[in-house]
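File shown: my_file.pdb. Contents: PDB, C-alpha atoms, pLDDT in the B column.
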ATOM      1  CA  MET G   1     -37.175 -30.628  13.404  1.00 38.00           C
ATOM      2  CA  PRO G   2     -39.345 -27.521  14.017  1.00 45.00           C
ATOM      3  CA  GLN G   3     -41.537 -26.382  11.150  1.00 49.00           C
ATOM      4  CA  PRO G   4     -41.126 -22.816   9.796  1.00 49.00           C
ATOM      5  CA  SER G   5     -43.910 -20.429  10.723  1.00 54.00           C
ATOM      6  CA  PRO G   6     -46.631 -19.747   8.119  1.00 65.00           C
ATOM      7  CA  GLU G   7     -45.356 -16.146   7.792  1.00 67.00           C
ATOM      8  CA  LYS G   8     -41.834 -17.331   7.020  1.00 53.00           C
ATOM      9  CA  LEU G   9     -43.134 -19.868   4.484  1.00 53.00           C
ATOM     10  CA  GLU G  10     -45.122 -17.113   2.772  1.00 66.00           C
ATOM     11  CA  LYS G  11     -42.057 -14.827   2.573  1.00 60.00           C
ATOM     12  CA  LEU G  12     -39.959 -17.637   1.124  1.00 52.00           C
ATOM     13  CA  ARG G  13     -42.684 -18.459  -1.441  1.00 61.00           C
ATOM     14  CA  HIS G  14     -42.853 -14.809  -2.538  1.00 59.00           C
ATOM     15  CA  ALA G  15     -39.053 -14.571  -2.760  1.00 53.00           C
ATOM     16  CA  LEU G  16     -38.908 -17.738  -4.870  1.00 55.00           C
ATOM     17  CA  GLU G  17     -41.651 -16.466  -7.198  1.00 63.00           C
ATOM     18  CA  ALA G  18     -39.870 -13.124  -7.556  1.00 56.00           C
ATOM     19  CA  TYR G  19     -36.593 -14.856  -8.360  1.00 49.00           C
ATOM     20  CA  GLU G  20     -38.177 -17.171 -10.921  1.00 54.00           C
ATOM     21  CA  SER G  21     -39.937 -14.269 -12.624  1.00 56.00           C
ATOM     22  CA  GLY G  22     -36.685 -12.278 -12.732  1.00 53.00           C
ATOM     23  CA  ASP G  23     -37.919  -9.645 -10.287  1.00 52.00           C
ATOM     24  CA  ALA G  24     -36.179  -9.312  -6.922  1.00 48.00           C
ATOM     25  CA  GLY G  25     -37.467  -6.596  -4.674  1.00 48.00           C
ATOM     26  CA  GLY G  26     -38.755  -4.610  -7.609  1.00 42.00           C
ATOM     27  CA  GLN G  27     -35.426  -4.785  -9.464  1.00 48.00           C
ATOM     28  CA  LEU G  28     -35.048  -6.881 -12.542  1.00 47.00           C
ATOM     29  CA  ILE G  29     -32.078  -9.207 -12.222  1.00 52.00           C
ATOM     30  CA  ASP G  30     -29.846  -8.999 -15.268  1.00 75.00           C
ATOM     31  CA  ALA G  31     -28.528 -12.548 -15.273  1.00 81.00           C
ATOM     32  CA  GLU G  32     -26.199 -11.844 -18.178  1.00 83.00           C
ATOM     33  CA  ALA G  33     -24.584  -8.848 -16.453  1.00 82.00           C
ATOM     34  CA  GLU G  34     -24.223 -10.794 -13.214  1.00 86.00           C
ATOM     35  CA  ALA G  35     -22.647 -13.700 -15.107  1.00 87.00           C
ATOM     36  CA  ALA G  36     -20.148 -11.294 -16.703  1.00 88.00           C
ATOM     37  CA  LYS G  37     -19.302  -9.714 -13.341  1.00 91.00           C
ATOM     38  CA  ALA G  38     -18.881 -12.982 -11.395  1.00 91.00           C
ATOM     39  CA  PRO G  39     -15.393 -13.970 -12.650  1.00 94.00           C
ATOM     40  CA  VAL G  40     -14.183 -10.348 -12.418  1.00 94.00           C
ATOM     41  CA  ARG G  41     -15.497 -10.063  -8.864  1.00 92.00           C
ATOM     42  CA  SER G  42     -13.879 -13.385  -7.960  1.00 92.00           C
ATOM     43  CA  ARG G  43     -10.479 -12.279  -9.296  1.00 95.00           C
ATOM     44  CA  ALA G  44     -10.831  -8.859  -7.626  1.00 94.00           C
ATOM     45  CA  LEU G  45     -11.613 -10.432  -4.258  1.00 93.00           C
ATOM     46  CA  GLY G  46      -8.639 -12.758  -4.663  1.00 93.00           C
ATOM     47  CA  LEU G  47      -6.367  -9.772  -5.298  1.00 94.00           C
ATOM     48  CA  LEU G  48      -7.831  -7.904  -2.328  1.00 92.00           C
ATOM     49  CA  ASP G  49      -7.354 -10.989  -0.171  1.00 91.00           C
ATOM     50  CA  GLN G  50      -3.590 -10.793  -0.846  1.00 91.00           C
ATOM     51  CA  ARG G  51      -3.385  -7.122   0.204  1.00 91.00           C
ATOM     52  CA  ALA G  52      -5.291  -3.851   0.013  1.00 92.00           C
ATOM     53  CA  ARG G  53      -5.119  -2.061  -3.329  1.00 94.00           C
ATOM     54  CA  SER G  54      -6.006   1.329  -4.737  1.00 96.00           C
ATOM     55  CA  ARG G  55      -8.880   1.624  -7.214  1.00 96.00           C
ATOM     56  CA  LYS G  56      -6.500   2.231 -10.112  1.00 96.00           C
ATOM     57  CA  GLU G  57      -4.188  -0.593  -9.118  1.00 96.00           C
ATOM     58  CA  LEU G  58      -7.088  -3.054  -8.856  1.00 96.00           C
ATOM     59  CA  ARG G  59      -8.607  -1.843 -12.132  1.00 96.00           C
ATOM     60  CA  ASP G  60      -5.262  -2.121 -13.952  1.00 96.00           C
ATOM     61  CA  ARG G  61      -4.682  -5.663 -12.693  1.00 96.00           C
ATOM     62  CA  LEU G  62      -8.156  -6.777 -13.766  1.00 96.00           C
ATOM     63  CA  VAL G  63      -7.919  -5.190 -17.220  1.00 96.00           C
ATOM     64  CA  ALA G  64      -4.469  -6.766 -17.643  1.00 96.00           C
ATOM     65  CA  ALA G  65      -6.144 -10.123 -16.905  1.00 95.00           C
ATOM     66  CA  ASP G  66      -8.217  -9.568 -20.085  1.00 94.00           C
ATOM     67  CA  PHE G  67     -11.509  -8.670 -18.438  1.00 95.00           C
ATOM     68  CA  GLU G  68     -13.722  -6.132 -20.214  1.00 94.00           C
ATOM     69  CA  PRO G  69     -12.930  -2.598 -18.947  1.00 95.00           C
ATOM     70  CA  ASP G  70     -16.634  -1.686 -18.607  1.00 94.00           C
ATOM     71  CA  VAL G  71     -17.328  -4.763 -16.488  1.00 94.00           C
ATOM     72  CA  VAL G  72     -14.180  -4.113 -14.444  1.00 95.00           C
ATOM     73  CA  ASP G  73     -15.301  -0.526 -13.759  1.00 95.00           C
ATOM     74  CA  THR G  74     -18.693  -1.751 -12.570  1.00 94.00           C
ATOM     75  CA  VAL G  75     -17.149  -4.364 -10.269  1.00 94.00           C
ATOM     76  CA  VAL G  76     -14.616  -1.901  -8.831  1.00 95.00           C
ATOM     77  CA  ASP G  77     -17.444   0.598  -8.214  1.00 94.00           C
ATOM     78  CA  ASP G  78     -19.461  -2.148  -6.483  1.00 92.00           C
ATOM     79  CA  LEU G  79     -16.487  -3.064  -4.285  1.00 93.00           C
ATOM     80  CA  ALA G  80     -15.864   0.588  -3.440  1.00 93.00           C
ATOM     81  CA  GLY G  81     -19.535   0.974  -2.538  1.00 91.00           C
ATOM     82  CA  ALA G  82     -19.194  -2.006  -0.206  1.00 91.00           C
ATOM     83  CA  GLY G  83     -16.119  -0.431   1.414  1.00 90.00           C
ATOM     84  CA  LEU G  84     -13.694  -3.072   0.129  1.00 93.00           C
ATOM     85  CA  VAL G  85     -11.799  -0.564  -2.022  1.00 94.00           C
ATOM     86  CA  ASP G  86     -11.049   2.735  -0.295  1.00 95.00           C
ATOM     87  CA  ASP G  87      -8.164   4.863  -1.570  1.00 96.00           C
ATOM     88  CA  GLU G  88      -7.960   7.030   1.550  1.00 96.00           C
ATOM     89  CA  ALA G  89      -7.723   4.028   3.897  1.00 95.00           C
ATOM     90  CA  PHE G  90      -5.332   2.294   1.487  1.00 96.00           C
ATOM     91  CA  ALA G  91      -3.054   5.356   1.383  1.00 97.00           C
ATOM     92  CA  LYS G  92      -2.992   5.720   5.171  1.00 96.00           C
ATOM     93  CA  GLU G  93      -2.011   2.088   5.668  1.00 95.00           C
ATOM     94  CA  TRP G  94       0.540   2.203   2.825  1.00 96.00           C
ATOM     95  CA  VAL G  95       2.253   5.222   4.400  1.00 97.00           C
ATOM     96  CA  ARG G  96       2.145   3.792   7.918  1.00 95.00           C
ATOM     97  CA  GLN G  97       3.723   0.475   6.943  1.00 94.00           C
ATOM     98  CA  ARG G  98       6.283   1.632   4.412  1.00 95.00           C
ATOM     99  CA  HIS G  99       7.504   4.523   6.534  1.00 95.00           C
ATOM    100  CA  ALA G 100       7.976   2.360   9.618  1.00 91.00           C
ATOM    101  CA  ARG G 101       9.143  -0.912   8.018  1.00 92.00           C
ATOM    102  CA  ARG G 102      10.966   0.215   4.894  1.00 93.00           C
ATOM    103  CA  GLY G 103      12.201   3.580   6.113  1.00 95.00           C
ATOM    104  CA  LYS G 104      10.677   5.470   3.184  1.00 96.00           C
ATOM    105  CA  SER G 105      10.490   9.266   3.223  1.00 96.00           C
ATOM    106  CA  ALA G 106       7.269  11.243   2.767  1.00 96.00           C
ATOM    107  CA  ARG G 107       8.476  12.318  -0.677  1.00 96.00           C
ATOM    108  CA  ALA G 108       9.079   8.733  -1.817  1.00 96.00           C
ATOM    109  CA  LEU G 109       5.735   7.565  -0.401  1.00 97.00           C
ATOM    110  CA  ASN G 110       3.906  10.402  -2.142  1.00 97.00           C
ATOM    111  CA  LEU G 111       5.394   9.290  -5.469  1.00 97.00           C
ATOM    112  CA  GLU G 112       4.475   5.641  -4.838  1.00 97.00           C
ATOM    113  CA  LEU G 113       0.866   6.556  -4.044  1.00 97.00           C
ATOM    114  CA  LYS G 114       0.685   8.809  -7.100  1.00 97.00           C
ATOM    115  CA  GLU G 115       1.843   5.876  -9.262  1.00 96.00           C
ATOM    116  CA  LYS G 116      -0.935   3.787  -7.728  1.00 96.00           C
ATOM    117  CA  GLY G 117      -3.500   6.360  -8.833  1.00 96.00           C
ATOM    118  CA  VAL G 118      -4.331   7.756  -5.398  1.00 97.00           C
ATOM    119  CA  GLU G 119      -5.719  11.289  -5.642  1.00 97.00           C
ATOM    120  CA  ALA G 120      -3.737  14.229  -4.213  1.00 97.00           C
ATOM    121  CA  ALA G 121      -6.238  14.856  -1.389  1.00 97.00           C
ATOM    122  CA  ASP G 122      -6.059  11.234  -0.185  1.00 97.00           C
ATOM    123  CA  ARG G 123      -2.249  11.290  -0.429  1.00 97.00           C
ATOM    124  CA  ALA G 124      -2.076  14.484   1.625  1.00 97.00           C
ATOM    125  CA  ILE G 125      -4.280  13.028   4.365  1.00 97.00           C
ATOM    126  CA  ALA G 126      -2.157   9.862   4.521  1.00 97.00           C
ATOM    127  CA  LEU G 127       1.129  11.772   4.596  1.00 97.00           C
ATOM    128  CA  GLU G 128      -0.002  13.827   7.605  1.00 96.00           C
ATOM    129  CA  GLN G 129       1.113  10.838   9.692  1.00 95.00           C
ATOM    130  CA  ILE G 130       4.746  11.675   8.961  1.00 96.00           C
ATOM    131  CA  THR G 131       6.216  14.555  10.920  1.00 95.00           C
ATOM    132  CA  GLU G 132       9.681  16.058  10.437  1.00 94.00           C
ATOM    133  CA  GLU G 133      10.695  14.401  13.701  1.00 95.00           C
ATOM    134  CA  SER G 134       9.444  10.957  12.731  1.00 94.00           C
ATOM    135  CA  GLU G 135      11.035  11.247   9.303  1.00 95.00           C
ATOM    136  CA  GLU G 136      14.406  12.126  10.821  1.00 96.00           C
ATOM    137  CA  ALA G 137      14.102   9.345  13.413  1.00 96.00           C
ATOM    138  CA  VAL G 138      13.345   6.741  10.745  1.00 96.00           C
ATOM    139  CA  ALA G 139      16.174   8.012   8.515  1.00 97.00           C
ATOM    140  CA  ARG G 140      18.552   7.742  11.471  1.00 97.00           C
ATOM    141  CA  GLN G 141      17.447   4.131  12.148  1.00 96.00           C
ATOM    142  CA  VAL G 142      18.068   3.198   8.506  1.00 97.00           C
ATOM    143  CA  ALA G 143      21.486   4.872   8.548  1.00 97.00           C
ATOM    144  CA  GLU G 144      22.457   3.196  11.849  1.00 97.00           C
ATOM    145  CA  LYS G 145      21.496  -0.202  10.495  1.00 96.00           C
ATOM    146  CA  LYS G 146      23.695   0.362   7.441  1.00 97.00           C
ATOM    147  CA  ALA G 147      26.546   1.687   9.623  1.00 96.00           C
ATOM    148  CA  ARG G 148      26.474  -1.499  11.726  1.00 96.00           C
ATOM    149  CA  THR G 149      27.675  -3.419   8.663  1.00 95.00           C
ATOM    150  CA  LEU G 150      31.035  -1.650   9.126  1.00 94.00           C
ATOM    151  CA  LYS G 151      33.035  -4.187  11.143  1.00 94.00           C
ATOM    152  CA  ARG G 152      36.307  -2.289  11.600  1.00 93.00           C
ATOM    153  CA  ALA G 153      37.331   1.348  11.632  1.00 92.00           C
ATOM    154  CA  PRO G 154      38.374   2.628   8.188  1.00 93.00           C
ATOM    155  CA  ALA G 155      42.142   2.592   7.630  1.00 91.00           C
ATOM    156  CA  ASP G 156      42.201   5.932   5.789  1.00 94.00           C
ATOM    157  CA  ARG G 157      40.101   8.799   4.425  1.00 95.00           C
ATOM    158  CA  HIS G 158      39.432   6.957   1.145  1.00 95.00           C
ATOM    159  CA  GLU G 159      37.962   3.946   2.979  1.00 95.00           C
ATOM    160  CA  ARG G 160      35.885   6.240   5.234  1.00 96.00           C
ATOM    161  CA  ASP G 161      34.465   8.115   2.226  1.00 96.00           C
ATOM    162  CA  LYS G 162      33.619   4.832   0.519  1.00 96.00           C
ATOM    163  CA  PHE G 163      31.541   3.729   3.503  1.00 96.00           C
ATOM    164  CA  LEU G 164      29.964   7.179   3.820  1.00 97.00           C
ATOM    165  CA  ARG G 165      28.791   6.905   0.188  1.00 97.00           C
ATOM    166  CA  ARG G 166      27.086   3.591   1.024  1.00 97.00           C
ATOM    167  CA  ILE G 167      25.119   5.149   3.884  1.00 97.00           C
ATOM    168  CA  VAL G 168      24.265   8.207   1.758  1.00 97.00           C
ATOM    169  CA  GLY G 169      23.070   5.954  -1.076  1.00 97.00           C
ATOM    170  CA  THR G 170      20.888   3.921   1.282  1.00 97.00           C
ATOM    171  CA  LEU G 171      19.089   7.056   2.511  1.00 97.00           C
ATOM    172  CA  ALA G 172      18.936   8.751  -0.873  1.00 96.00           C
ATOM    173  CA  ARG G 173      17.182   5.740  -2.432  1.00 96.00           C
ATOM    174  CA  ARG G 174      14.467   6.129   0.198  1.00 96.00           C
ATOM    175  CA  GLY G 175      13.831   9.702  -0.898  1.00 95.00           C
ATOM    176  CA  TYR G 176      15.255  11.780   1.953  1.00 96.00           C
ATOM    177  CA  SER G 177      16.453  15.341   1.332  1.00 95.00           C
ATOM    178  CA  GLN G 178      20.113  15.853   0.536  1.00 96.00           C
ATOM    179  CA  GLU G 179      20.674  17.992   3.646  1.00 96.00           C
ATOM    180  CA  LEU G 180      19.154  15.361   5.946  1.00 97.00           C
ATOM    181  CA  VAL G 181      20.993  12.531   4.198  1.00 97.00           C
ATOM    182  CA  MET G 182      24.413  14.149   4.538  1.00 97.00           C
ATOM    183  CA  ARG G 183      23.956  15.299   8.140  1.00 97.00           C
ATOM    184  CA  ILE G 184      22.661  11.955   9.431  1.00 98.00           C
ATOM    185  CA  SER G 185      25.114   9.878   7.404  1.00 97.00           C
ATOM    186  CA  ILE G 186      28.124  11.758   8.774  1.00 97.00           C
ATOM    187  CA  GLU G 187      26.813  11.689  12.362  1.00 97.00           C
ATOM    188  CA  VAL G 188      26.021   7.973  12.252  1.00 97.00           C
ATOM    189  CA  LEU G 189      29.293   7.008  10.567  1.00 97.00           C
ATOM    190  CA  ASP G 190      31.350   9.034  13.035  1.00 96.00           C
ATOM    191  CA  ALA G 191      29.503   7.373  15.941  1.00 96.00           C
ATOM    192  CA  ARG G 192      30.127   3.910  14.479  1.00 96.00           C
ATOM    193  CA  ILE G 193      33.836   4.622  13.920  1.00 95.00           C
ATOM    194  CA  ALA G 194      34.084   5.830  17.537  1.00 94.00           C
ATOM    195  CA  GLU G 195      32.518   2.537  18.703  1.00 94.00           C
ATOM    196  CA  LEU G 196      35.010   0.507  16.708  1.00 92.00           C
ATOM    197  CA  SER G 197      38.108   2.519  17.681  1.00 86.00           C
TER
END
Render the structure in this file as structure tokens.
Amino acid sequence: MPQPSPEKLEKLRHALEAYESGDAGGQLIDAEAEAAKAPVRSRALGLLDQRARSRKELRDRLVAADFEPDVVDTVVDDLAGAGLVDDEAFAKEWVRQRHARRGKSARALNLELKEKGVEAADRAIALEQITEESEEAVARQVAEKKARTLKRAPADRHERDKFLRRIVGTLARRGYSQELVMRISIEVLDARIAELS
């Protein structure tokens, strides 16, 4: 096994002496503060390993787990400084995924991000991804999926209106405007009835 160079041995000796004296690189190590932060950091990293989170969301989860709020704030600040908590990046990804996969409108996504404590400026940047065209296209996909559950043409106006209300409700729960909801729902239902007739 090769021996370390004398320079490397000297650096290691100095680092060990600094650690033992409580001085690392000119900064005093506060062992008590580090001990308090360790379990909070561990829980925070576990939560971040599951999925990205906003600062507020992470802080709320850690405080709810009975960690001291001051220690939690320090750990969250440390993680933000390391780039592991970033509200702007979180908001962009949240919008991208939930618009495409869940069919959520910009209005609904804005409310979700607000509830997660994301600042207005970060929300606005994230919501720039959604154009009027993409919002209408996604709403149409959601409506068409719901319309495909209709297996036979409605027998009368009452049955047609009942199914129309289901499509309208599906879009409305995702936060689309009333005008868009009604227009797309009627178009999609009429197209589905034509297919089945």
* To do: For the structure provided, state which residues fall under the PyMOL selection byres ((chain G and resi 76-81) around 12), and present them as number ranges by chain.
  => G: 34, 37-38, 40-45, 47-48, 52-63, 69-75, 82-90
Atoms to include: C-alpha atoms. Write the selected residues as an mmCIF file, in the coordinates of the input.
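So result-v2.cif came out as:
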data_model
loop_
_atom_site.group_PDB
_atom_site.id
_atom_site.type_symbol
_atom_site.label_atom_id
_atom_site.label_comp_id
_atom_site.auth_asym_id
_atom_site.auth_seq_id
_atom_site.Cartn_x
_atom_site.Cartn_y
_atom_site.Cartn_z
ATOM 1 C CA GLU G 34 -24.223 -10.794 -13.214
ATOM 2 C CA LYS G 37 -19.302 -9.714 -13.341
ATOM 3 C CA ALA G 38 -18.881 -12.982 -11.395
ATOM 4 C CA VAL G 40 -14.183 -10.348 -12.418
ATOM 5 C CA ARG G 41 -15.497 -10.063 -8.864
ATOM 6 C CA SER G 42 -13.879 -13.385 -7.960
ATOM 7 C CA ARG G 43 -10.479 -12.279 -9.296
ATOM 8 C CA ALA G 44 -10.831 -8.859 -7.626
ATOM 9 C CA LEU G 45 -11.613 -10.432 -4.258
ATOM 10 C CA LEU G 47 -6.367 -9.772 -5.298
ATOM 11 C CA LEU G 48 -7.831 -7.904 -2.328
ATOM 12 C CA ALA G 52 -5.291 -3.851 0.013
ATOM 13 C CA ARG G 53 -5.119 -2.061 -3.329
ATOM 14 C CA SER G 54 -6.006 1.329 -4.737
ATOM 15 C CA ARG G 55 -8.880 1.624 -7.214
ATOM 16 C CA LYS G 56 -6.500 2.231 -10.112
ATOM 17 C CA GLU G 57 -4.188 -0.593 -9.118
ATOM 18 C CA LEU G 58 -7.088 -3.054 -8.856
ATOM 19 C CA ARG G 59 -8.607 -1.843 -12.132
ATOM 20 C CA ASP G 60 -5.262 -2.121 -13.952
ATOM 21 C CA ARG G 61 -4.682 -5.663 -12.693
ATOM 22 C CA LEU G 62 -8.156 -6.777 -13.766
ATOM 23 C CA VAL G 63 -7.919 -5.190 -17.220
ATOM 24 C CA PRO G 69 -12.930 -2.598 -18.947
ATOM 25 C CA ASP G 70 -16.634 -1.686 -18.607
ATOM 26 C CA VAL G 71 -17.328 -4.763 -16.488
ATOM 27 C CA VAL G 72 -14.180 -4.113 -14.444
ATOM 28 C CA ASP G 73 -15.301 -0.526 -13.759
ATOM 29 C CA THR G 74 -18.693 -1.751 -12.570
ATOM 30 C CA VAL G 75 -17.149 -4.364 -10.269
ATOM 31 C CA ALA G 82 -19.194 -2.006 -0.206
ATOM 32 C CA GLY G 83 -16.119 -0.431 1.414
ATOM 33 C CA LEU G 84 -13.694 -3.072 0.129
ATOM 34 C CA VAL G 85 -11.799 -0.564 -2.022
ATOM 35 C CA ASP G 86 -11.049 2.735 -0.295
ATOM 36 C CA ASP G 87 -8.164 4.863 -1.570
ATOM 37 C CA GLU G 88 -7.960 7.030 1.550
ATOM 38 C CA ALA G 89 -7.723 4.028 3.897
ATOM 39 C CA PHE G 90 -5.332 2.294 1.487
#
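Evaluated on this file, the PyMOL selection byres ((chain G and resi 111) around 12) matches Ala91, Trp94, Val95, Lys104, Ser105, Ala106, Arg107, Ala108, Leu109, Asn110, Glu112, Leu113, Lys114, Glu115, Lys116, Gly117, Val118, Glu119, Ala120, Arg123, Ala124, Leu127, Arg174 and Gly175 of chain G.
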* Could you state the separation of atom CA of Glu93 of chain G and atom CA of Ala126 of chain G in Å, given to one decimal place? -> 7.9 Å
* Structure fact -> Gly169 of chain G proximity check over G:Arg98, G:Arg140, G:Arg192, G:Lys146, using only C-alpha atoms: winner is G:Lys146
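As for atom CA of Ser197 of chain G and atom CA of Ala153 of chain G, they are spaced 6.2 Å apart.
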* Sel. within 12 Å of pt (32.8, -0.2, 19.9), counting only C-alpha atoms, output as a ChimeraX atom specification -> /G:148,150-153,190-197
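The gap separating atom CA of Arg102 of chain G from atom CA of Leu164 of chain G is 20.3 Å, in Å to one decimal.
Nearest residue to Ala33 of chain G, choosing from G:Val168, G:Glu68, G:Ile130, G:Arg157 and counting only C-alpha atoms: G:Glu68.
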* Using all atoms listed in the file, which of G:Arg165, G:Lys145, G:Pro39, G:Ser134 sits nearest Ala65 of chain G? -> G:Pro39
Please rebuild segment 167-186 of chain G with N, CA, C and O atoms and return the result as a compact mmCIF listing (two decimals), keeping the file's coordinate frame.
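Here's the written file selection.txt:
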# COMPACT_ATOMS: atom_id res chain seq x y z
N ILE G 167 26.20 4.69 3.00
CA ILE G 167 25.12 5.15 3.88
C ILE G 167 24.29 6.21 3.17
O ILE G 167 23.05 6.16 3.19
N VAL G 168 24.96 7.15 2.50
CA VAL G 168 24.26 8.21 1.76
C VAL G 168 23.35 7.58 0.70
O VAL G 168 22.19 7.97 0.56
N GLY G 169 23.86 6.61 -0.03
CA GLY G 169 23.07 5.95 -1.08
C GLY G 169 21.84 5.25 -0.51
O GLY G 169 20.75 5.30 -1.10
N THR G 170 22.00 4.61 0.64
CA THR G 170 20.89 3.92 1.28
C THR G 170 19.76 4.90 1.61
O THR G 170 18.59 4.61 1.37
N LEU G 171 20.11 6.06 2.16
CA LEU G 171 19.09 7.06 2.51
C LEU G 171 18.53 7.74 1.27
O LEU G 171 17.33 8.00 1.19
N ALA G 172 19.39 8.05 0.34
CA ALA G 172 18.94 8.75 -0.87
C ALA G 172 17.92 7.92 -1.65
O ALA G 172 16.94 8.45 -2.18
N ARG G 173 18.13 6.61 -1.71
CA ARG G 173 17.18 5.74 -2.43
C ARG G 173 15.82 5.72 -1.76
O ARG G 173 14.83 5.36 -2.38
N ARG G 174 15.75 6.10 -0.51
CA ARG G 174 14.47 6.13 0.20
C ARG G 174 13.82 7.52 0.13
O ARG G 174 12.80 7.76 0.75
N GLY G 175 14.46 8.43 -0.60
CA GLY G 175 13.83 9.70 -0.90
C GLY G 175 14.05 10.83 0.09
O GLY G 175 13.36 11.85 0.02
N TYR G 176 15.02 10.71 0.99
CA TYR G 176 15.26 11.78 1.95
C TYR G 176 15.98 12.95 1.30
O TYR G 176 16.70 12.77 0.32
N SER G 177 15.81 14.14 1.88
CA SER G 177 16.45 15.34 1.33
C SER G 177 17.96 15.23 1.46
O SER G 177 18.49 14.59 2.37
N GLN G 178 18.66 15.91 0.56
CA GLN G 178 20.11 15.85 0.54
C GLN G 178 20.72 16.35 1.85
O GLN G 178 21.65 15.75 2.38
N GLU G 179 20.15 17.42 2.38
CA GLU G 179 20.67 17.99 3.65
C GLU G 179 20.55 16.98 4.77
O GLU G 179 21.50 16.73 5.52
N LEU G 180 19.38 16.35 4.89
CA LEU G 180 19.15 15.36 5.95
C LEU G 180 20.05 14.15 5.75
O LEU G 180 20.65 13.64 6.70
N VAL G 181 20.17 13.70 4.52
CA VAL G 181 20.99 12.53 4.20
C VAL G 181 22.44 12.76 4.61
O VAL G 181 23.06 11.92 5.29
N MET G 182 23.00 13.89 4.22
CA MET G 182 24.41 14.15 4.54
C MET G 182 24.64 14.29 6.04
O MET G 182 25.57 13.71 6.60
N ARG G 183 23.78 15.07 6.70
CA ARG G 183 23.96 15.30 8.14
C ARG G 183 23.89 13.99 8.93
O ARG G 183 24.77 13.67 9.72
N ILE G 184 22.83 13.20 8.68
CA ILE G 184 22.66 11.96 9.43
C ILE G 184 23.75 10.95 9.08
O ILE G 184 24.28 10.27 9.96
N SER G 185 24.09 10.85 7.82
CA SER G 185 25.11 9.88 7.40
C SER G 185 26.44 10.15 8.09
O SER G 185 27.10 9.22 8.60
N ILE G 186 26.85 11.41 8.12
CA ILE G 186 28.12 11.76 8.77
C ILE G 186 28.05 11.49 10.27
O ILE G 186 28.97 10.88 10.86
